[in-house]
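Coordinates from entry.tsv are shown below (TSV, C-alpha atoms and all ligand atoms).
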```tsv
chain	number	residue	atom	x	y	z
A	1	MET	CA	148.59	79.82	125.10
A	2	ASP	CA	145.48	78.61	126.76
A	3	SER	CA	144.52	81.93	128.35
A	4	ALA	CA	144.53	83.67	124.94
A	5	ARG	CA	142.24	80.96	123.63
A	6	SER	CA	139.59	81.29	126.26
A	7	SER	CA	139.59	85.09	126.15
A	8	PHE	CA	138.78	85.34	122.44
A	9	VAL	CA	135.77	87.61	122.03
A	10	ALA	CA	133.51	87.43	118.97
A	11	LEU	CA	130.66	89.91	118.71
A	12	LYS	CA	127.69	89.56	116.38
A	13	ILE	CA	126.21	92.35	114.29
A	14	LEU	CA	123.19	91.86	112.05
A	15	VAL	CA	122.47	93.55	108.73
A	16	ALA	CA	118.80	93.71	107.77
A	17	GLY	CA	116.67	95.56	105.28
A	18	GLY	CA	114.46	95.11	102.25
A	19	PHE	CA	115.19	93.34	99.01
A	20	GLY	CA	118.11	94.79	97.04
A	21	VAL	CA	118.82	97.53	99.54
A	22	GLY	CA	122.58	96.85	99.67
A	23	LYS	CA	123.07	94.32	102.48
A	24	THR	CA	125.56	92.16	100.59
A	25	THR	CA	127.39	95.25	99.37
A	26	LEU	CA	127.69	96.60	102.92
A	27	VAL	CA	129.06	93.39	104.41
A	28	GLY	CA	131.48	93.04	101.50
A	29	ALA	CA	132.76	96.62	101.91
A	30	VAL	CA	134.31	95.94	105.31
A	31	SER	CA	134.99	92.23	105.39
A	32	GLU	CA	135.88	89.24	103.33
A	33	ILE	CA	132.36	88.07	102.57
A	34	ARG	CA	131.47	84.41	102.40
A	35	PRO	CA	128.14	82.72	101.83
A	36	LEU	CA	126.83	80.81	104.80
A	37	ARG	CA	124.11	78.33	104.00
A	38	THR	CA	121.37	77.25	106.32
A	39	GLU	CA	118.62	74.78	105.57
A	40	GLU	CA	115.24	75.14	107.11
A	41	ALA	CA	112.11	73.08	107.16
A	42	MET	CA	109.34	75.35	105.99
A	43	THR	CA	105.70	74.65	106.36
A	44	THR	CA	104.09	75.19	103.02
A	45	ALA	CA	100.53	74.40	104.06
A	46	GLY	CA	98.63	76.45	106.62
A	47	VAL	CA	99.30	75.22	110.15
A	48	GLY	CA	96.17	74.36	112.07
A	49	VAL	CA	96.09	74.86	115.83
A	50	ASP	CA	95.48	71.17	116.40
A	51	SER	CA	97.88	69.72	113.82
A	52	THR	CA	101.27	70.40	115.31
A	53	GLU	CA	102.55	67.01	114.18
A	54	GLY	CA	101.56	67.41	110.55
A	55	VAL	CA	104.43	66.27	108.38
A	56	GLU	CA	102.99	66.68	104.92
A	57	GLY	CA	103.32	70.14	103.49
A	58	LYS	CA	106.82	70.57	104.90
A	59	SER	CA	109.72	71.24	102.60
A	60	THR	CA	113.33	72.08	103.14
A	61	THR	CA	114.76	75.22	101.69
A	62	THR	CA	118.32	76.44	101.65
A	63	VAL	CA	118.92	80.07	102.41
A	64	ALA	CA	122.25	81.81	101.86
A	65	MET	CA	123.21	84.48	104.34
A	66	ASP	CA	125.97	87.03	103.91
A	67	PHE	CA	128.67	86.29	106.42
A	68	GLY	CA	131.68	88.47	107.07
A	69	ARG	CA	134.33	88.59	109.75
A	70	ILE	CA	136.31	91.68	110.77
A	71	SER	CA	139.35	90.71	112.80
A	72	LEU	CA	140.18	93.68	115.01
A	73	ARG	CA	142.85	91.93	117.02
A	74	GLU	CA	144.14	88.43	117.53
A	75	ASP	CA	141.53	87.98	120.27
A	76	LEU	CA	138.72	90.29	119.12
A	77	ALA	CA	136.47	90.01	116.06
A	78	LEU	CA	133.18	91.32	114.75
A	79	TYR	CA	130.96	88.94	112.83
A	80	LEU	CA	128.44	90.37	110.39
A	81	PHE	CA	125.37	88.45	109.30
A	82	GLY	CA	123.07	89.70	106.57
A	83	THR	CA	119.97	87.82	105.57
A	84	PRO	CA	117.22	88.20	103.02
A	85	GLY	CA	114.72	90.82	104.05
A	86	GLN	CA	111.56	89.04	103.01
A	87	ASP	CA	109.04	88.17	105.69
A	88	ARG	CA	109.30	84.46	105.01
A	89	PHE	CA	112.90	84.47	106.27
A	90	TRP	CA	112.22	85.94	109.67
A	91	PHE	CA	112.67	82.55	111.29
A	92	LEU	CA	116.40	82.98	110.62
A	93	TRP	CA	116.51	86.07	112.74
A	94	ASP	CA	115.39	84.33	115.89
A	95	GLU	CA	118.71	82.55	116.04
A	96	LEU	CA	120.72	85.50	114.72
A	97	ALA	CA	119.22	87.99	117.18
A	98	GLN	CA	120.19	85.81	120.13
A	99	GLY	CA	123.10	87.52	121.86
A	100	ALA	CA	123.62	90.07	119.08
A	101	LEU	CA	125.48	93.24	119.99
A	102	GLY	CA	123.31	95.24	117.60
A	103	ALA	CA	121.78	95.53	114.15
A	104	ILE	CA	122.03	97.75	111.10
A	105	VAL	CA	118.74	98.33	109.32
A	106	LEU	CA	119.52	99.44	105.78
A	107	ALA	CA	116.85	101.56	104.14
A	108	ASP	CA	116.33	103.08	100.73
A	109	THR	CA	114.53	106.40	101.09
A	110	ARG	CA	112.56	105.77	97.88
A	111	ARG	CA	110.92	102.77	99.50
A	112	LEU	CA	111.19	103.33	103.19
A	113	ALA	CA	108.34	100.96	104.00
A	114	ASP	CA	110.53	97.98	103.05
A	115	CYS	CA	112.42	98.31	106.32
A	116	PHE	CA	109.31	98.42	108.56
A	117	PRO	CA	109.45	94.67	109.36
A	118	ALA	CA	113.12	94.88	110.41
A	119	VAL	CA	112.56	97.95	112.60
A	120	ASP	CA	109.54	96.34	114.17
A	121	TYR	CA	111.39	93.08	114.78
A	122	PHE	CA	114.42	94.62	116.51
A	123	GLU	CA	112.26	96.93	118.62
A	124	ARG	CA	110.22	93.99	119.87
A	125	ARG	CA	113.33	91.89	120.58
A	126	GLY	CA	115.13	94.73	122.33
A	127	VAL	CA	118.12	94.49	119.98
A	128	PRO	CA	119.93	97.86	119.74
A	129	PHE	CA	119.81	99.05	116.14
A	130	LEU	CA	120.29	102.04	113.90
A	131	VAL	CA	118.81	102.96	110.54
A	132	ALA	CA	121.34	103.56	107.77
A	133	LEU	CA	119.91	105.38	104.73
A	134	ASN	CA	121.61	104.01	101.65
A	135	ASN	CA	121.59	106.98	99.31
A	136	PHE	CA	120.72	105.48	95.96
A	137	ASP	CA	119.14	108.69	94.82
A	138	GLU	CA	121.90	111.26	95.07
A	139	ALA	CA	119.58	114.11	94.17
A	140	ARG	CA	117.21	113.58	97.07
A	141	ARG	CA	118.70	114.33	100.47
A	142	PHE	CA	116.79	113.19	103.45
A	143	ASP	CA	116.41	114.78	106.80
A	144	PRO	CA	117.09	112.08	109.41
A	145	GLY	CA	114.49	113.64	111.71
A	146	SER	CA	111.69	113.15	109.22
A	147	VAL	CA	112.80	109.57	108.55
A	148	ALA	CA	112.80	108.86	112.29
A	149	ALA	CA	109.28	110.28	112.47
A	150	ALA	CA	108.12	108.30	109.44
A	151	LEU	CA	109.47	105.09	110.98
A	152	ASP	CA	108.15	106.07	114.42
A	153	LEU	CA	111.53	105.28	115.98
A	154	ASP	CA	112.18	105.41	119.71
A	155	PRO	CA	114.03	108.58	120.68
A	156	GLY	CA	117.78	108.01	120.59
A	157	THR	CA	117.74	105.51	117.72
A	158	PRO	CA	120.40	106.82	115.32
A	159	VAL	CA	119.46	107.56	111.70
A	160	ILE	CA	122.45	108.15	109.45
A	161	SER	CA	123.30	108.30	105.76
A	162	CYS	CA	125.69	105.87	104.19
A	163	ASP	CA	127.03	104.49	100.97
A	164	ALA	CA	127.22	100.74	101.34
A	165	ARG	CA	129.86	100.58	98.60
A	166	GLU	CA	132.29	102.76	100.56
A	167	ARG	CA	134.42	101.11	103.20
A	168	ALA	CA	134.93	104.35	105.15
A	169	SER	CA	131.20	105.00	105.19
A	170	VAL	CA	130.38	101.50	106.43
A	171	LYS	CA	133.07	101.78	109.12
A	172	GLU	CA	131.35	104.93	110.36
A	173	VAL	CA	128.01	103.07	110.45
A	174	LEU	CA	129.59	100.30	112.53
A	175	ILE	CA	131.20	102.74	114.95
A	176	THR	CA	127.90	104.57	115.42
A	177	LEU	CA	126.17	101.26	116.07
A	178	VAL	CA	128.72	100.07	118.65
A	179	GLU	CA	128.50	103.42	120.46
A	180	HIS	CA	124.71	103.19	120.48
A	181	ALA	CA	124.78	99.57	121.65
A	182	GLY	CA	127.17	100.56	124.44
A	183	ARG	CA	124.73	103.19	125.68
A	184	ARG	CA	121.80	100.77	125.41
A	185	HIS	CA	123.53	97.93	127.22
A	186	ALA	CA	124.82	100.33	129.90
A	187	THR	CA	121.29	101.43	130.82
A	188	ARG	CA	120.14	97.85	131.21
A	189	PRO	CA	119.87	96.33	134.68
A	190	ALA	CA	123.04	94.52	135.65
A	191	VAL	CA	123.03	90.80	134.97
A	192	VAL	CA	124.82	88.43	137.29
A	193	THR	CA	127.28	86.35	135.34
A	194	HIS	CA	128.33	82.87	136.29
B	195	MET	CA	123.94	65.47	142.06
B	196	ARG	CA	122.58	62.02	142.87
B	197	MET	CA	121.72	59.92	139.85
B	198	ASN	CA	118.27	58.86	141.03
B	199	ASP	CA	117.13	62.40	141.64
B	200	ARG	CA	116.15	62.55	137.99
B	201	PRO	CA	116.61	66.31	137.75
B	202	SER	CA	114.24	67.77	135.21
B	203	TRP	CA	115.93	68.05	131.86
B	204	TYR	CA	114.11	71.26	131.03
B	205	ASP	CA	115.49	73.20	133.96
B	206	GLU	CA	114.73	76.91	133.83
B	207	GLN	CA	118.38	77.77	134.30
B	208	ALA	CA	121.01	77.00	131.71
B	209	GLY	CA	123.59	76.01	134.32
B	210	PRO	CA	122.51	72.44	135.13
B	211	LEU	CA	122.12	71.63	131.44
B	212	VAL	CA	125.63	72.80	130.70
B	213	ARG	CA	127.00	70.77	133.60
B	214	LEU	CA	125.12	67.78	132.29
B	215	TYR	CA	127.06	68.19	129.08
B	216	ALA	CA	130.35	68.23	130.91
B	217	LEU	CA	129.37	65.02	132.74
B	218	THR	CA	128.23	63.16	129.67
B	219	ARG	CA	130.86	64.61	127.37
B	220	GLY	CA	128.02	65.78	125.21
B	221	ARG	CA	126.19	62.51	124.77
B	222	ALA	CA	122.92	64.37	125.13
B	223	ARG	CA	121.78	66.36	122.10
B	224	PRO	CA	123.52	69.72	121.87
B	225	SER	CA	121.53	72.69	123.03
B	226	PRO	CA	121.33	75.55	120.54
B	227	VAL	CA	123.20	77.57	123.14
B	228	LEU	CA	126.20	75.26	123.04
B	229	LEU	CA	126.43	75.24	119.25
B	230	ASP	CA	125.66	78.90	118.77
B	231	LEU	CA	126.88	80.41	115.50
B	232	LEU	CA	129.69	82.06	117.42
B	233	SER	CA	130.53	79.22	119.80
B	234	LEU	CA	134.22	78.42	119.53
B	235	VAL	CA	135.36	74.93	118.64
B	236	THR	CA	138.79	73.64	119.64
B	237	ALA	CA	140.22	70.30	118.53
B	238	GLU	CA	141.21	68.03	121.41
B	239	ASN	CA	142.74	65.35	119.22
B	240	ASP	CA	144.93	64.98	116.18
B	241	PRO	CA	142.74	63.82	113.27
B	242	ALA	CA	145.59	61.69	111.91
B	243	ARG	CA	145.34	59.45	114.98
B	244	ASP	CA	141.79	58.27	114.27
B	245	PRO	CA	141.25	56.43	110.97
B	246	MET	CA	137.54	56.05	111.75
B	247	LEU	CA	136.82	59.74	111.25
B	248	SER	CA	134.78	60.80	108.24
B	249	PRO	CA	136.49	63.26	105.88
B	250	GLU	CA	134.27	66.06	107.23
B	251	GLN	CA	135.08	65.20	110.83
B	252	ALA	CA	138.81	65.14	110.05
B	253	ALA	CA	138.47	68.47	108.22
B	254	VAL	CA	136.90	70.07	111.30
B	255	LEU	CA	139.71	68.84	113.53
B	256	THR	CA	142.32	70.11	111.09
B	257	LEU	CA	140.65	73.54	110.87
B	258	CYS	CA	140.48	74.12	114.60
B	259	ARG	CA	143.78	72.61	115.71
B	260	ILE	CA	145.90	75.75	115.68
B	261	ARG	CA	143.29	78.05	117.15
B	262	PRO	CA	139.60	77.85	117.98
B	263	ARG	CA	137.12	78.52	115.18
B	264	SER	CA	133.51	79.60	115.35
B	265	VAL	CA	130.67	77.32	114.22
B	266	ALA	CA	129.79	79.86	111.49
B	267	ASP	CA	133.41	79.97	110.25
B	268	LEU	CA	133.53	76.17	110.13
B	269	ALA	CA	130.32	75.92	108.10
B	270	ALA	CA	131.63	78.51	105.63
B	271	ASP	CA	135.09	76.88	105.47
B	272	LEU	CA	133.60	73.44	104.86
B	273	ASP	CA	131.01	74.88	102.46
B	274	LEU	CA	128.35	72.91	104.29
B	275	PRO	CA	124.94	74.08	105.51
B	276	LEU	CA	124.81	75.04	109.18
B	277	GLY	CA	122.54	72.15	110.14
B	278	VAL	CA	124.88	69.57	108.64
B	279	THR	CA	127.84	71.25	110.31
B	280	ARG	CA	126.08	71.05	113.68
B	281	VAL	CA	125.45	67.33	113.24
B	282	ILE	CA	129.15	66.76	112.51
B	283	LEU	CA	130.10	68.82	115.55
B	284	THR	CA	127.64	66.93	117.74
B	285	ASP	CA	129.25	63.63	116.79
B	286	LEU	CA	132.74	65.01	117.43
B	287	LEU	CA	131.53	66.21	120.85
B	288	ASP	CA	130.16	62.74	121.54
B	289	TYR	CA	133.57	61.24	120.84
B	290	GLY	CA	135.32	63.88	122.93
B	291	HIS	CA	137.30	65.07	119.90
B	292	ILE	CA	136.40	68.75	120.34
B	293	ARG	CA	135.82	71.28	123.08
B	294	VAL	CA	133.18	73.99	122.64
B	295	THR	CA	133.16	77.38	124.35
B	296	ARG	CA	130.05	79.49	124.40
B	297	PRO	CA	130.29	83.03	123.00
B	298	VAL	CA	130.39	86.15	125.11
B	299	ARG	CA	126.94	87.71	125.22
B	300	PRO	CA	126.59	91.50	125.29
B	301	VAL	CA	124.99	91.28	128.73
B	302	ASP	CA	128.17	89.59	129.97
B	303	ILE	CA	130.40	92.46	128.88
B	304	PRO	CA	131.54	93.86	132.21
B	305	ASP	CA	132.37	97.43	131.22
B	306	GLU	CA	132.67	99.86	128.35
B	307	ARG	CA	136.36	99.14	127.84
B	308	LEU	CA	135.75	96.26	125.44
B	309	LEU	CA	133.36	98.26	123.27
B	310	GLN	CA	135.84	101.14	123.24
B	311	GLU	CA	138.45	98.67	122.02
B	312	VAL	CA	136.06	97.60	119.25
B	313	ILE	CA	135.57	101.24	118.23
B	314	ASP	CA	139.33	101.91	118.29
B	315	GLY	CA	139.89	98.75	116.25
B	316	LEU	CA	137.33	99.84	113.65
B	317	ARG	CA	138.91	103.29	113.33
B	318	ALA	CA	142.31	101.67	112.81
B	319	LEU	CA	141.09	99.39	110.00
A	401	LIG	N1	123.93	103.94	94.11
A	401	LIG	C1	124.12	103.02	95.07
A	401	LIG	N2	124.02	101.70	94.75
A	401	LIG	C2	124.21	100.78	95.70
A	401	LIG	C3	124.50	101.14	97.04
A	401	LIG	N3	124.60	100.02	97.80
A	401	LIG	C4	124.38	98.99	96.95
A	401	LIG	N4	124.15	99.42	95.68
A	401	LIG	C5	123.85	98.59	94.50
A	401	LIG	O1	122.54	98.05	94.68
A	401	LIG	C6	122.46	96.72	94.16
A	401	LIG	C7	121.92	95.73	95.20
A	401	LIG	O2	122.87	95.61	96.26
A	401	LIG	P1	123.00	94.29	97.12
A	401	LIG	O3	124.13	94.52	98.06
A	401	LIG	O4	123.06	93.08	96.26
A	401	LIG	O5	121.63	94.29	97.90
A	401	LIG	P2	121.05	93.18	98.89
A	401	LIG	O6	120.32	93.89	99.98
A	401	LIG	O7	122.12	92.24	99.31
A	401	LIG	O8	120.03	92.44	97.94
A	401	LIG	P3	119.24	91.04	98.22
A	401	LIG	O9	120.20	90.12	98.92
A	401	LIG	O10	118.87	90.58	96.85
A	401	LIG	O11	118.05	91.41	99.05
A	401	LIG	C8	123.86	96.39	93.67
A	401	LIG	O12	123.90	96.59	92.29
A	401	LIG	C9	124.75	97.39	94.40
A	401	LIG	O13	125.90	97.71	93.65
A	401	LIG	C10	124.62	102.55	97.34
A	401	LIG	O14	124.88	102.97	98.48
A	401	LIG	N5	124.42	103.43	96.34
A	402	MG	MG	122.19	90.14	99.16
```
Whole structure, structure tokens version:
Amino acid sequence: MDSARSSFVALKILVAGGFGVGKTTLVGAVSEIRPLRTEEAMTTAGVGVDSTEGVEGKSTTTVAMDFGRISLREDLALYLFGTPGQDRFWFLWDELAQGALGAIVLADTRRLADCFPAVDYFERRGVPFLVALNNFDEARRFDPGSVAAALDLDPGTPVISCDARERASVKEVLITLVEHAGRRHATRPAVVTH
Amino acid sequence: MRMNDRPSWYDEQAGPLVRLYALTRGRARPSPVLLDLLSLVTAENDPARDPMLSPEQAAVLTLCRIRPRSVADLAADLDLPLGVTRVILTDLLDYGHIRVTRPVRPVDIPDERLLQEVIDGLRAL
């Protein structure tokens, strides 16, 4: 069945957020999670403007991403990629953000600032995203409007509550993201395909 | 395309580069676009027919014989880092053992129907 082969559609969704915010838990709640390793050359010494060829000071580090696949149909799948939230791993996102349908920024309302780099990154790259508030602190309920204001989000960026441990909750987050991405991509100028 | 035109390798458009791949059967280095995480790999040959294959190369061919598999899936299946997986795939491309299809990008999605199907599929999970 050659036609079925070539029409397989795989869409990429990213999961970002600060350290320990629940990224691995979220990916695992809706998919069979597997570690995906990537090795990167990292420059340990400061890079001078005129020393682009400097070899010393480079080391290779292995980073494990969370990788999950949700098979929706024989020919349709969502792929989730979660990576460490620390600044030194942003190089990973340049590849991940390429062609992504959208991103989930997980945030813990007790330390909202941890998700600033992710919000900033996706805004600059034009990747549609939403902010999912992982309610660690059951007693404190947060008004999405005030979170949107605190994060200085563009109007229309969804802010929703979730429990990353609950499959139904994570499904709702994904549906909200796909709807949002659909609106964002629809308002984009048409691109001629070849 | 005449051979002595020496078209610039770093063409602004992706098209000529991709055609170059088709012509050379991938003897040039793979572009990151071709071996995207979600590019689909299909085996063109039966691994049992080539005793020169490394165990990893044979494993790739076995994994993507029945149906295509993404680069990310292959790396996870083989429990190998992505970079190593890409090197193996590049060699298999060089030998013409695999075919690689680039992923659909969101900008290529023609209408809202596909995204609605994704939403329906998620609800049905
Ligand atoms: N109460 C509560 N705990 C949660 C929730 N989501 C995750 N946790 C817990 O928080 C801890 C950290 O979750 P992880 O999924 O490992 O977080 P992570 O973002 O992958 O962490 P790193 O990869 O280390 O940055 C685990 O013990 C989870 O069980 C939630 O919604 N509510
Ligand atoms: Mg984790």
Pick from B:Leu257, B:Leu231, B:Ile292, B:Ala252 nearest to chain A, counting all atoms listed in the file =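 Smallest separation from chain A among the options: B:Leu231.
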For chain B, work out the contacting residues on chain A at 7 Å, counting only C-alpha atoms, and write them as a ChimeraX atom specification.
-> /A:5,9-10,34-39,72,99,101,171,175,178,182,185,191,193
Surrounding residues as a list in words, ligand MG 402 (chain A), max 8 Å, all atoms listed in the file =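 Checked against 8 Å with all atoms listed in the file; the hits are Phe19, Gly20, Gly22, Lys23, Thr24, Thr25, Met65, Asp66, Gly82, Thr83 and Pro84 of chain A.
The closest residue to ligand LIG 401 (chain A), picked from A:Leu106, A:Val15, A:Ala164, A:Ile70 and counting all atoms listed in the file, is A:Ala164.
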Using all atoms listed in the file, determine which residues lie at most 9 Å from region 143-148 of chain A, disregarding the query and same-chain residues fewer than 6 positions distant; provide the list as a ChimeraX atom specification.
-> /A:109,112,131,133,154-155,157-161
Quick one: of A:Asp152, A:Asp108, A:Glu74, A:Glu172, who's nearest to ligand LIG 401 (chain A), counting only C-alpha atoms and all ligand atoms?
->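 Counting only C-alpha atoms and all ligand atoms, the residue closest to ligand LIG 401 (chain A) is A:Asp108.
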Kindly extract all protein, DNA and RNA residues lying within 12 Å of the coordinates (109.0, 99.0, 109.8) given in the file, considering all atoms listed in the file, and supply them as a PDB file with C-alpha atoms, in the frame of the given file.
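Ended up saving to result-v2.pdb:
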```pdb
ATOM      1  CA  ALA A  16     118.800  93.710 107.770  1.00  0.00           C
ATOM      2  CA  GLY A  17     116.670  95.560 105.280  1.00  0.00           C
ATOM      3  CA  GLY A  18     114.460  95.110 102.250  1.00  0.00           C
ATOM      4  CA  GLY A  85     114.720  90.820 104.050  1.00  0.00           C
ATOM      5  CA  ASP A  87     109.040  88.170 105.690  1.00  0.00           C
ATOM      6  CA  VAL A 105     118.740  98.330 109.320  1.00  0.00           C
ATOM      7  CA  LEU A 106     119.520  99.440 105.780  1.00  0.00           C
ATOM      8  CA  ALA A 107     116.850 101.560 104.140  1.00  0.00           C
ATOM      9  CA  ARG A 111     110.920 102.770  99.500  1.00  0.00           C
ATOM     10  CA  LEU A 112     111.190 103.330 103.190  1.00  0.00           C
ATOM     11  CA  ALA A 113     108.340 100.960 104.000  1.00  0.00           C
ATOM     12  CA  ASP A 114     110.530  97.980 103.050  1.00  0.00           C
ATOM     13  CA  CYS A 115     112.420  98.310 106.320  1.00  0.00           C
ATOM     14  CA  PHE A 116     109.310  98.420 108.560  1.00  0.00           C
ATOM     15  CA  PRO A 117     109.450  94.670 109.360  1.00  0.00           C
ATOM     16  CA  ALA A 118     113.120  94.880 110.410  1.00  0.00           C
ATOM     17  CA  VAL A 119     112.560  97.950 112.600  1.00  0.00           C
ATOM     18  CA  ASP A 120     109.540  96.340 114.170  1.00  0.00           C
ATOM     19  CA  TYR A 121     111.390  93.080 114.780  1.00  0.00           C
ATOM     20  CA  PHE A 122     114.420  94.620 116.510  1.00  0.00           C
ATOM     21  CA  GLU A 123     112.260  96.930 118.620  1.00  0.00           C
ATOM     22  CA  ARG A 124     110.220  93.990 119.870  1.00  0.00           C
ATOM     23  CA  VAL A 131     118.810 102.960 110.540  1.00  0.00           C
ATOM     24  CA  VAL A 147     112.800 109.570 108.550  1.00  0.00           C
ATOM     25  CA  ALA A 148     112.800 108.860 112.290  1.00  0.00           C
ATOM     26  CA  ALA A 149     109.280 110.280 112.470  1.00  0.00           C
ATOM     27  CA  ALA A 150     108.120 108.300 109.440  1.00  0.00           C
ATOM     28  CA  LEU A 151     109.470 105.090 110.980  1.00  0.00           C
ATOM     29  CA  ASP A 152     108.150 106.070 114.420  1.00  0.00           C
ATOM     30  CA  LEU A 153     111.530 105.280 115.980  1.00  0.00           C
TER      31      LEU A 153
END
```
Compare A:Phe8, A:Phe142, A:Phe136, A:Trp90 by their minimum atom-to-atom distance to ligand LIG 401 (chain A), counting only C-alpha atoms and all ligand atoms, and give me the closest one.
-> A:Phe136
Expressed in Å, the length from atom O8 of ligand LIG 401 (chain A) to CA of Arg69 (chain A) is 18.9 Å
Atom pair CA of Arg184 (chain A) + CA of Ile13 (chain A), distance 14.6 Å
Which one of B:Leu272, B:Val294, B:Leu228, B:Ala237 sits closest to Thr256 (chain B) if you count only C-alpha atoms?
->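 Going through B:Leu272, B:Val294, B:Leu228, B:Ala237 one by one, the smallest distance to Thr256 (chain B) is for B:Ala237.
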Residue with smallest distance to ligand LIG 401 (chain A) - pool A:Glu179, A:Gln98, A:Phe81, A:Thr60, counting all atoms listed in the file |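 Smallest distance to ligand LIG 401 (chain A) is found for A:Phe81.
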What does the distance from CA of Ile104 (chain A) to CA of Val235 (chain B) come to in Å, to one decimal?
->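 A separation of 27.5 Å between them.
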Would you list the residues near (142.8, 69.1, 114.1) (no more than 8 Å away, in the coordinates of the file, using all atoms listed in the file) as JSON, numbers by chain?
-> {"B": [237, 238, 239, 240, 241, 252, 253, 254, 255, 256, 257, 258, 259, 260]}
Once 5 Å is added on each side, what centre and edge lengths in Å to one decimal does the axis-aligned box around all listed atoms of region 168-183 of chain A have, as lines of an AutoDock Vina configuration file?
```
center_x = 129.8
center_y = 102.3
center_z = 115.4
size_x = 20.2
size_y = 15.4
size_z = 30.5
```
